[in-house]
Amino acid sequence: MKLIIATSGASGVNLGIKTLKLLPKDIDKHFIMTKNSEIVLDKEMNVTCHENEDISASIASGSFGTDAMIIAPCSMNTLAKIACGISDNLVTRCASVMIKEHKKLILAPREMPFSAIALENMQRLAALGVIIAPPVMAYYSEQQTLDEMENFVIGKWFDLLGIKNNLYKRWE
């Protein structure tokens with residue numbers, strides 16, 4: 001599987017990084033960070049990192065063959081650009097490619113409460129097949145720590161991508 005992971009906002013960027021770290025080693029991982037989410041990456045993560053300004057990167061083409069993309073966290077700015085078809089950076093260009101190629105695209109909007117404009121954008125994208133999966137906790141898995149709560153959210157995202165995991169306690 002070829003998977004693009006992108007972060008588009010400083011707040012909550014740790015979820016995107018943790019998602020990246022928890023992915024199985026056999027997945028071809030490509031990472032994009034916006035300027036607001038730049039952090040130092042551990043060189044041992046085995047990740048191809050792309051500059052957000054490089055819209056000519058390999059992953060910006062449908063012929064590259066990416067299987068899926070997740071933007072976690074997804075800022076309202078990025079979500080709005082995707083909903084309006086604006087592809088002015090690598091994150092939004094890759095998202096546009098996912099939509100046109102009918103590939104799995106998961107957006108994890110972090111803001112709350114959601115404005116009517118944000119909800120309209122989410123509805124527009126959901127109607128196109130984009131999966132809107134904000135980092136929402138569930139209580140049945142009995143998380144006790146922030147780490148366990150993050151694992152639950154990431155485990156749910158992995159479920160959506162078809163990536164087997166046991167990051168959280170399942171409903172019995």
# chains A, B, ... in the order shown; residues from 1 in each chain; ligands from 1
>>> select_by_dssp(residues="chain A", states="strand (DSSP E or B)", output="PyMOL selection string")
chain A and resi 2-7+28-33+48-51+68-74+104-109+131-132
>>> residues_around(residues="Ala6 (chain A)", least_positions_apart="5", cutoff="6 Å", atoms="only C-alpha atoms", output="ChimeraX atom specification")
/A:31-33,71
>>> closest_residue(among="A:Gly155, A:Leu3, A:Ser115, A:Thr48", to="Ala95 (chain A)", atoms="only C-alpha atoms")
A:Leu3
>>> residues_around(residues="Ala118 (chain A)", least_positions_apart="6", cutoff="10 Å", atoms="only C-alpha atoms", output="short mmCIF file (atom, residue, chain, number, x, y, z; two decimals) with all heavy atoms, in the first residue's frame")
data_model
loop_
_atom_site.label_atom_id
_atom_site.label_comp_id
_atom_site.auth_asym_id
_atom_site.auth_seq_id
_atom_site.Cartn_x
_atom_site.Cartn_y
_atom_site.Cartn_z
N MET A 76 -9.21 23.88 8.98
CA MET A 76 -10.40 24.31 8.25
C MET A 76 -9.99 24.98 6.94
O MET A 76 -10.70 24.89 5.94
CB MET A 76 -11.24 25.27 9.10
CG MET A 76 -11.91 24.60 10.29
SD MET A 76 -13.01 23.25 9.79
CE MET A 76 -12.21 21.88 10.60
N ASN A 77 -8.83 25.63 6.92
CA ASN A 77 -8.32 26.24 5.70
C ASN A 77 -8.05 25.18 4.63
O ASN A 77 -8.49 25.31 3.49
CB ASN A 77 -7.04 27.03 6.02
CG ASN A 77 -6.47 27.71 4.80
OD1 ASN A 77 -7.13 28.50 4.15
ND2 ASN A 77 -5.21 27.40 4.49
N LEU A 79 -9.26 22.08 4.56
CA LEU A 79 -10.53 21.45 4.24
C LEU A 79 -11.32 22.31 3.24
O LEU A 79 -11.84 21.80 2.25
CB LEU A 79 -11.34 21.23 5.52
CG LEU A 79 -12.59 20.38 5.37
CD1 LEU A 79 -12.73 19.47 6.58
CD2 LEU A 79 -13.83 21.23 5.23
N ALA A 80 -11.36 23.61 3.46
CA ALA A 80 -12.09 24.51 2.56
C ALA A 80 -11.46 24.53 1.17
O ALA A 80 -12.17 24.51 0.16
CB ALA A 80 -12.13 25.93 3.15
N ALA A 83 -12.44 21.36 -0.56
CA ALA A 83 -13.86 21.39 -0.92
C ALA A 83 -14.12 22.27 -2.14
O ALA A 83 -15.05 22.01 -2.90
CB ALA A 83 -14.69 21.87 0.27
N PRO A 109 -10.61 16.75 10.71
CA PRO A 109 -10.71 18.13 11.16
C PRO A 109 -10.67 18.20 12.68
O PRO A 109 -11.29 17.40 13.37
CB PRO A 109 -12.05 18.60 10.61
CG PRO A 109 -12.83 17.38 10.34
CD PRO A 109 -11.84 16.28 10.08
N GLU A 111 -10.86 21.38 14.57
CA GLU A 111 -11.54 22.52 15.19
C GLU A 111 -12.88 22.12 15.77
O GLU A 111 -13.56 21.25 15.25
CB GLU A 111 -11.76 23.63 14.14
CG GLU A 111 -10.50 24.14 13.50
CD GLU A 111 -9.56 24.85 14.45
OE1 GLU A 111 -10.02 25.45 15.44
OE2 GLU A 111 -8.35 24.78 14.21
N MET A 112 -13.27 22.80 16.84
CA MET A 112 -14.62 22.65 17.37
C MET A 112 -14.98 23.86 18.17
O MET A 112 -14.09 24.47 18.77
CB MET A 112 -14.79 21.37 18.15
CG MET A 112 -14.19 21.36 19.52
SD MET A 112 -15.22 20.26 20.48
CE MET A 112 -15.00 20.92 22.07
N ARG A 124 -20.06 18.62 1.48
CA ARG A 124 -19.70 18.61 0.06
C ARG A 124 -18.66 17.51 -0.21
O ARG A 124 -18.77 16.75 -1.17
CB ARG A 124 -19.15 19.97 -0.36
CG ARG A 124 -18.70 20.01 -1.82
CD ARG A 124 -18.13 21.35 -2.20
NE ARG A 124 -19.19 22.34 -2.15
CZ ARG A 124 -18.97 23.64 -2.00
NH1 ARG A 124 -17.75 24.10 -1.85
NH2 ARG A 124 -19.97 24.49 -1.99
#
>>> residues_around(residues="Ile106 (chain A)", least_positions_apart="6", cutoff="9 Å", atoms="only C-alpha atoms", output="PDB file with N, CA, C and O atoms, in the first residue's frame")
ATOM      1  N   ALA A  68      -4.097   5.697  -0.776  1.00  0.00           N
ATOM      2  CA  ALA A  68      -4.940   6.436   0.160  1.00  0.00           C
ATOM      3  C   ALA A  68      -4.172   7.635   0.697  1.00  0.00           C
ATOM      4  O   ALA A  68      -2.954   7.724   0.551  1.00  0.00           O
ATOM      5  N   MET A  69      -4.909   8.534   1.338  1.00  0.00           N
ATOM      6  CA  MET A  69      -4.306   9.714   1.969  1.00  0.00           C
ATOM      7  C   MET A  69      -5.101  10.052   3.216  1.00  0.00           C
ATOM      8  O   MET A  69      -6.319   9.937   3.233  1.00  0.00           O
ATOM      9  N   ILE A  70      -4.388  10.451   4.256  1.00  0.00           N
ATOM     10  CA  ILE A  70      -5.029  10.953   5.466  1.00  0.00           C
ATOM     11  C   ILE A  70      -4.385  12.289   5.821  1.00  0.00           C
ATOM     12  O   ILE A  70      -3.164  12.427   5.760  1.00  0.00           O
ATOM     13  N   ILE A  71      -5.213  13.263   6.142  1.00  0.00           N
ATOM     14  CA  ILE A  71      -4.723  14.561   6.595  1.00  0.00           C
ATOM     15  C   ILE A  71      -5.135  14.685   8.051  1.00  0.00           C
ATOM     16  O   ILE A  71      -6.319  14.819   8.365  1.00  0.00           O
ATOM     17  N   ALA A  72      -4.159  14.583   8.940  1.00  0.00           N
ATOM     18  CA  ALA A  72      -4.421  14.568  10.377  1.00  0.00           C
ATOM     19  C   ALA A  72      -3.340  15.358  11.108  1.00  0.00           C
ATOM     20  O   ALA A  72      -2.200  14.927  11.120  1.00  0.00           O
ATOM     21  N   VAL A 130     -15.269  11.452   0.263  1.00  0.00           N
ATOM     22  CA  VAL A 130     -14.210  11.735   1.239  1.00  0.00           C
ATOM     23  C   VAL A 130     -14.725  11.335   2.620  1.00  0.00           C
ATOM     24  O   VAL A 130     -15.881  11.594   2.972  1.00  0.00           O
ATOM     25  N   ILE A 131     -13.869  10.706   3.407  1.00  0.00           N
ATOM     26  CA  ILE A 131     -14.242  10.276   4.759  1.00  0.00           C
ATOM     27  C   ILE A 131     -13.845  11.373   5.739  1.00  0.00           C
ATOM     28  O   ILE A 131     -12.675  11.757   5.817  1.00  0.00           O
ATOM     29  N   ILE A 132     -14.829  11.883   6.465  1.00  0.00           N
ATOM     30  CA  ILE A 132     -14.585  12.898   7.488  1.00  0.00           C
ATOM     31  C   ILE A 132     -14.517  12.156   8.818  1.00  0.00           C
ATOM     32  O   ILE A 132     -15.508  11.595   9.279  1.00  0.00           O
ATOM     33  N   ALA A 133     -13.322  12.128   9.423  1.00  0.00           N
ATOM     34  CA  ALA A 133     -13.104  11.340  10.637  1.00  0.00           C
ATOM     35  C   ALA A 133     -12.323  12.165  11.660  1.00  0.00           C
ATOM     36  O   ALA A 133     -11.121  11.968  11.849  1.00  0.00           O
ATOM     37  N   TRP A 157      -8.747   5.235  12.459  1.00  0.00           N
ATOM     38  CA  TRP A 157      -8.284   5.652  11.128  1.00  0.00           C
ATOM     39  C   TRP A 157      -7.689   4.464  10.378  1.00  0.00           C
ATOM     40  O   TRP A 157      -7.952   4.285   9.192  1.00  0.00           O
ATOM     41  N   LEU A 160     -10.355   2.351   8.914  1.00  0.00           N
ATOM     42  CA  LEU A 160     -10.893   2.937   7.687  1.00  0.00           C
ATOM     43  C   LEU A 160      -9.985   2.668   6.488  1.00  0.00           C
ATOM     44  O   LEU A 160     -10.453   2.555   5.357  1.00  0.00           O
ATOM     45  N   LEU A 161      -8.687   2.580   6.740  1.00  0.00           N
ATOM     46  CA  LEU A 161      -7.711   2.322   5.673  1.00  0.00           C
ATOM     47  C   LEU A 161      -7.513   0.833   5.395  1.00  0.00           C
ATOM     48  O   LEU A 161      -6.762   0.470   4.497  1.00  0.00           O
TER      49      LEU A 161
END
>>> residues_around(residues="region 14-22 of chain A", least_positions_apart="6", cutoff="8 Å", atoms="only C-alpha atoms", output="PDB file with N, CA, C and O atoms, in the first residue's frame")
ATOM      1  N   ILE A   5       0.491  10.715   4.264  1.00  0.00           N
ATOM      2  CA  ILE A   5       0.077  11.284   5.538  1.00  0.00           C
ATOM      3  C   ILE A   5       0.481  12.748   5.495  1.00  0.00           C
ATOM      4  O   ILE A   5       1.606  13.077   5.139  1.00  0.00           O
ATOM      5  N   ALA A   6      -0.458  13.624   5.807  1.00  0.00           N
ATOM      6  CA  ALA A   6      -0.157  15.054   5.778  1.00  0.00           C
ATOM      7  C   ALA A   6      -0.619  15.691   7.069  1.00  0.00           C
ATOM      8  O   ALA A   6      -1.579  15.236   7.688  1.00  0.00           O
ATOM      9  N   THR A   7       0.091  16.715   7.488  1.00  0.00           N
ATOM     10  CA  THR A   7      -0.344  17.513   8.629  1.00  0.00           C
ATOM     11  C   THR A   7      -0.520  18.936   8.140  1.00  0.00           C
ATOM     12  O   THR A   7       0.280  19.438   7.362  1.00  0.00           O
ATOM     13  N   LYS A  29       5.298   4.908   2.831  1.00  0.00           N
ATOM     14  CA  LYS A  29       4.802   6.118   3.482  1.00  0.00           C
ATOM     15  C   LYS A  29       5.411   7.368   2.859  1.00  0.00           C
ATOM     16  O   LYS A  29       6.612   7.438   2.651  1.00  0.00           O
ATOM     17  N   MET A  45      12.579   6.833  10.790  1.00  0.00           N
ATOM     18  CA  MET A  45      11.173   6.535  10.534  1.00  0.00           C
ATOM     19  C   MET A  45      10.929   5.947   9.147  1.00  0.00           C
ATOM     20  O   MET A  45       9.826   5.509   8.840  1.00  0.00           O
ATOM     21  N   ILE A  71      -5.213  13.263   6.142  1.00  0.00           N
ATOM     22  CA  ILE A  71      -4.723  14.561   6.595  1.00  0.00           C
ATOM     23  C   ILE A  71      -5.135  14.685   8.051  1.00  0.00           C
ATOM     24  O   ILE A  71      -6.319  14.819   8.365  1.00  0.00           O
ATOM     25  N   ALA A  72      -4.159  14.583   8.940  1.00  0.00           N
ATOM     26  CA  ALA A  72      -4.421  14.568  10.377  1.00  0.00           C
ATOM     27  C   ALA A  72      -3.340  15.358  11.108  1.00  0.00           C
ATOM     28  O   ALA A  72      -2.200  14.927  11.120  1.00  0.00           O
ATOM     29  N   PRO A  73      -3.656  16.465  11.681  1.00  0.00           N
ATOM     30  CA  PRO A  73      -4.974  17.109  11.661  1.00  0.00           C
ATOM     31  C   PRO A  73      -5.198  17.827  10.343  1.00  0.00           C
ATOM     32  O   PRO A  73      -4.249  18.111   9.614  1.00  0.00           O
ATOM     33  N   GLU A 150      -5.284   8.616  22.019  1.00  0.00           N
ATOM     34  CA  GLU A 150      -4.700   8.800  20.690  1.00  0.00           C
ATOM     35  C   GLU A 150      -4.654   7.477  19.939  1.00  0.00           C
ATOM     36  O   GLU A 150      -4.965   7.429  18.744  1.00  0.00           O
ATOM     37  N   ILE A 154      -6.301   6.757  16.255  1.00  0.00           N
ATOM     38  CA  ILE A 154      -5.450   6.257  15.177  1.00  0.00           C
ATOM     39  C   ILE A 154      -5.891   4.856  14.751  1.00  0.00           C
ATOM     40  O   ILE A 154      -5.923   4.536  13.565  1.00  0.00           O
TER      41      ILE A 154
END
>>> residues_around(residues="Ile163 (chain A)", least_positions_apart="5", cutoff="10 Å", atoms="only C-alpha atoms", output="list in words")
Met1, Leu23, Pro24, Ile27, Gly155, Lys156, Trp157 and Phe158 of chain A
>>> select_by_dssp(residues="region 24-119 of chain A", states="alpha helix (DSSP H)", output="PyMOL selection string")
chain A and resi 76-83+90-100+116-119
>>> write_last_selection(atoms="N, CA, C and O atoms", output="mmCIF file, in the first residue's frame")
data_model
loop_
_atom_site.group_PDB
_atom_site.id
_atom_site.type_symbol
_atom_site.label_atom_id
_atom_site.label_comp_id
_atom_site.auth_asym_id
_atom_site.auth_seq_id
_atom_site.Cartn_x
_atom_site.Cartn_y
_atom_site.Cartn_z
ATOM 1 N N MET A 76 -9.211 23.881 8.982
ATOM 2 C CA MET A 76 -10.395 24.315 8.252
ATOM 3 C C MET A 76 -9.990 24.984 6.940
ATOM 4 O O MET A 76 -10.704 24.886 5.937
ATOM 5 N N ASN A 77 -8.830 25.630 6.921
ATOM 6 C CA ASN A 77 -8.317 26.242 5.700
ATOM 7 C C ASN A 77 -8.054 25.178 4.634
ATOM 8 O O ASN A 77 -8.487 25.311 3.486
ATOM 9 N N THR A 78 -7.367 24.110 5.014
ATOM 10 C CA THR A 78 -7.075 23.036 4.070
ATOM 11 C C THR A 78 -8.361 22.351 3.624
ATOM 12 O O THR A 78 -8.553 22.084 2.438
ATOM 13 N N LEU A 79 -9.264 22.085 4.564
ATOM 14 C CA LEU A 79 -10.528 21.449 4.235
ATOM 15 C C LEU A 79 -11.316 22.306 3.238
ATOM 16 O O LEU A 79 -11.842 21.797 2.247
ATOM 17 N N ALA A 80 -11.364 23.613 3.455
ATOM 18 C CA ALA A 80 -12.091 24.515 2.558
ATOM 19 C C ALA A 80 -11.460 24.530 1.168
ATOM 20 O O ALA A 80 -12.173 24.513 0.157
ATOM 21 N N LYS A 81 -10.140 24.561 1.104
ATOM 22 C CA LYS A 81 -9.475 24.540 -0.197
ATOM 23 C C LYS A 81 -9.805 23.263 -0.958
ATOM 24 O O LYS A 81 -10.106 23.298 -2.156
ATOM 25 N N ILE A 82 -9.771 22.130 -0.271
ATOM 26 C CA ILE A 82 -10.082 20.856 -0.919
ATOM 27 C C ILE A 82 -11.532 20.859 -1.409
ATOM 28 O O ILE A 82 -11.823 20.455 -2.533
ATOM 29 N N ALA A 83 -12.439 21.357 -0.559
ATOM 30 C CA ALA A 83 -13.860 21.387 -0.918
ATOM 31 C C ALA A 83 -14.120 22.267 -2.137
ATOM 32 O O ALA A 83 -15.048 22.009 -2.904
ATOM 33 N N LEU A 90 1.123 21.093 -2.114
ATOM 34 C CA LEU A 90 1.189 19.647 -2.322
ATOM 35 C C LEU A 90 0.083 18.905 -1.570
ATOM 36 O O LEU A 90 -0.481 17.938 -2.084
ATOM 37 N N VAL A 91 -0.254 19.354 -0.360
ATOM 38 C CA VAL A 91 -1.317 18.694 0.403
ATOM 39 C C VAL A 91 -2.631 18.759 -0.369
ATOM 40 O O VAL A 91 -3.296 17.734 -0.589
ATOM 41 N N THR A 92 -3.017 19.960 -0.794
ATOM 42 C CA THR A 92 -4.301 20.098 -1.486
ATOM 43 C C THR A 92 -4.267 19.470 -2.869
ATOM 44 O O THR A 92 -5.272 18.939 -3.342
ATOM 45 N N ARG A 93 -3.117 19.491 -3.533
ATOM 46 C CA ARG A 93 -2.991 18.841 -4.841
ATOM 47 C C ARG A 93 -3.175 17.331 -4.705
ATOM 48 O O ARG A 93 -3.905 16.700 -5.475
ATOM 49 N N CYS A 94 -2.514 16.729 -3.721
ATOM 50 C CA CYS A 94 -2.656 15.280 -3.504
ATOM 51 C C CYS A 94 -4.099 14.923 -3.155
ATOM 52 O O CYS A 94 -4.619 13.904 -3.631
ATOM 53 N N ALA A 95 -4.748 15.748 -2.340
ATOM 54 C CA ALA A 95 -6.144 15.489 -1.990
ATOM 55 C C ALA A 95 -7.020 15.545 -3.244
ATOM 56 O O ALA A 95 -7.911 14.700 -3.425
ATOM 57 N N SER A 96 -6.764 16.514 -4.123
ATOM 58 C CA SER A 96 -7.516 16.608 -5.381
ATOM 59 C C SER A 96 -7.313 15.365 -6.235
ATOM 60 O O SER A 96 -8.255 14.863 -6.860
ATOM 61 N N VAL A 97 -6.084 14.858 -6.257
ATOM 62 C CA VAL A 97 -5.793 13.639 -7.015
ATOM 63 C C VAL A 97 -6.556 12.458 -6.409
ATOM 64 O O VAL A 97 -7.127 11.640 -7.141
ATOM 65 N N MET A 98 -6.587 12.358 -5.087
ATOM 66 C CA MET A 98 -7.321 11.259 -4.450
ATOM 67 C C MET A 98 -8.787 11.293 -4.872
ATOM 68 O O MET A 98 -9.384 10.255 -5.181
ATOM 69 N N ILE A 99 -9.375 12.501 -4.883
ATOM 70 C CA ILE A 99 -10.788 12.628 -5.254
ATOM 71 C C ILE A 99 -10.994 12.252 -6.714
ATOM 72 O O ILE A 99 -11.884 11.465 -7.036
ATOM 73 N N LYS A 100 -10.163 12.783 -7.605
ATOM 74 C CA LYS A 100 -10.368 12.503 -9.036
ATOM 75 C C LYS A 100 -10.095 11.042 -9.381
ATOM 76 O O LYS A 100 -10.713 10.489 -10.290
ATOM 77 N N ALA A 116 -21.034 26.566 10.487
ATOM 78 C CA ALA A 116 -21.919 26.135 9.405
ATOM 79 C C ALA A 116 -21.135 26.024 8.093
ATOM 80 O O ALA A 116 -21.375 25.113 7.299
ATOM 81 N N ILE A 117 -20.175 26.929 7.885
ATOM 82 C CA ILE A 117 -19.363 26.880 6.665
ATOM 83 C C ILE A 117 -18.528 25.603 6.641
ATOM 84 O O ILE A 117 -18.464 24.903 5.627
ATOM 85 N N ALA A 118 -17.881 25.277 7.765
ATOM 86 C CA ALA A 118 -17.071 24.049 7.838
ATOM 87 C C ALA A 118 -17.939 22.815 7.603
ATOM 88 O O ALA A 118 -17.538 21.895 6.878
ATOM 89 N N LEU A 119 -19.127 22.796 8.189
ATOM 90 C CA LEU A 119 -20.027 21.656 8.013
ATOM 91 C C LEU A 119 -20.482 21.531 6.556
ATOM 92 O O LEU A 119 -20.579 20.417 6.029
#
>>> closest_residue(among="A:Asn89, A:Ser8, A:Gln143, A:Asn121", to="Ala57 (chain A)", atoms="only C-alpha atoms")
A:Asn89
>>> atom_distance(atom1="CA of Asn166 (chain A)", atom2="CA of Gly129 (chain A)")
26.2 Å
>>> closest_residue(among="A:Arg110, A:Lys104, A:His30, A:Lys25", to="Ala126 (chain A)", atoms="only C-alpha atoms")
A:Lys104
>>> closest_residue(among="A:Leu105, A:Thr34, A:Asn151, A:Met137", to="Ser75 (chain A)", atoms="only C-alpha atoms")
A:Thr34
>>> atom_distance(atom1="CA of Ser63 (chain A)", atom2="CA of Gln123 (chain A)")
27.9 Å
>>> closest_residue(among="A:Cys49, A:Val13, A:Leu107, A:Ile4", to="Asp28 (chain A)", atoms="only C-alpha atoms")
A:Ile4
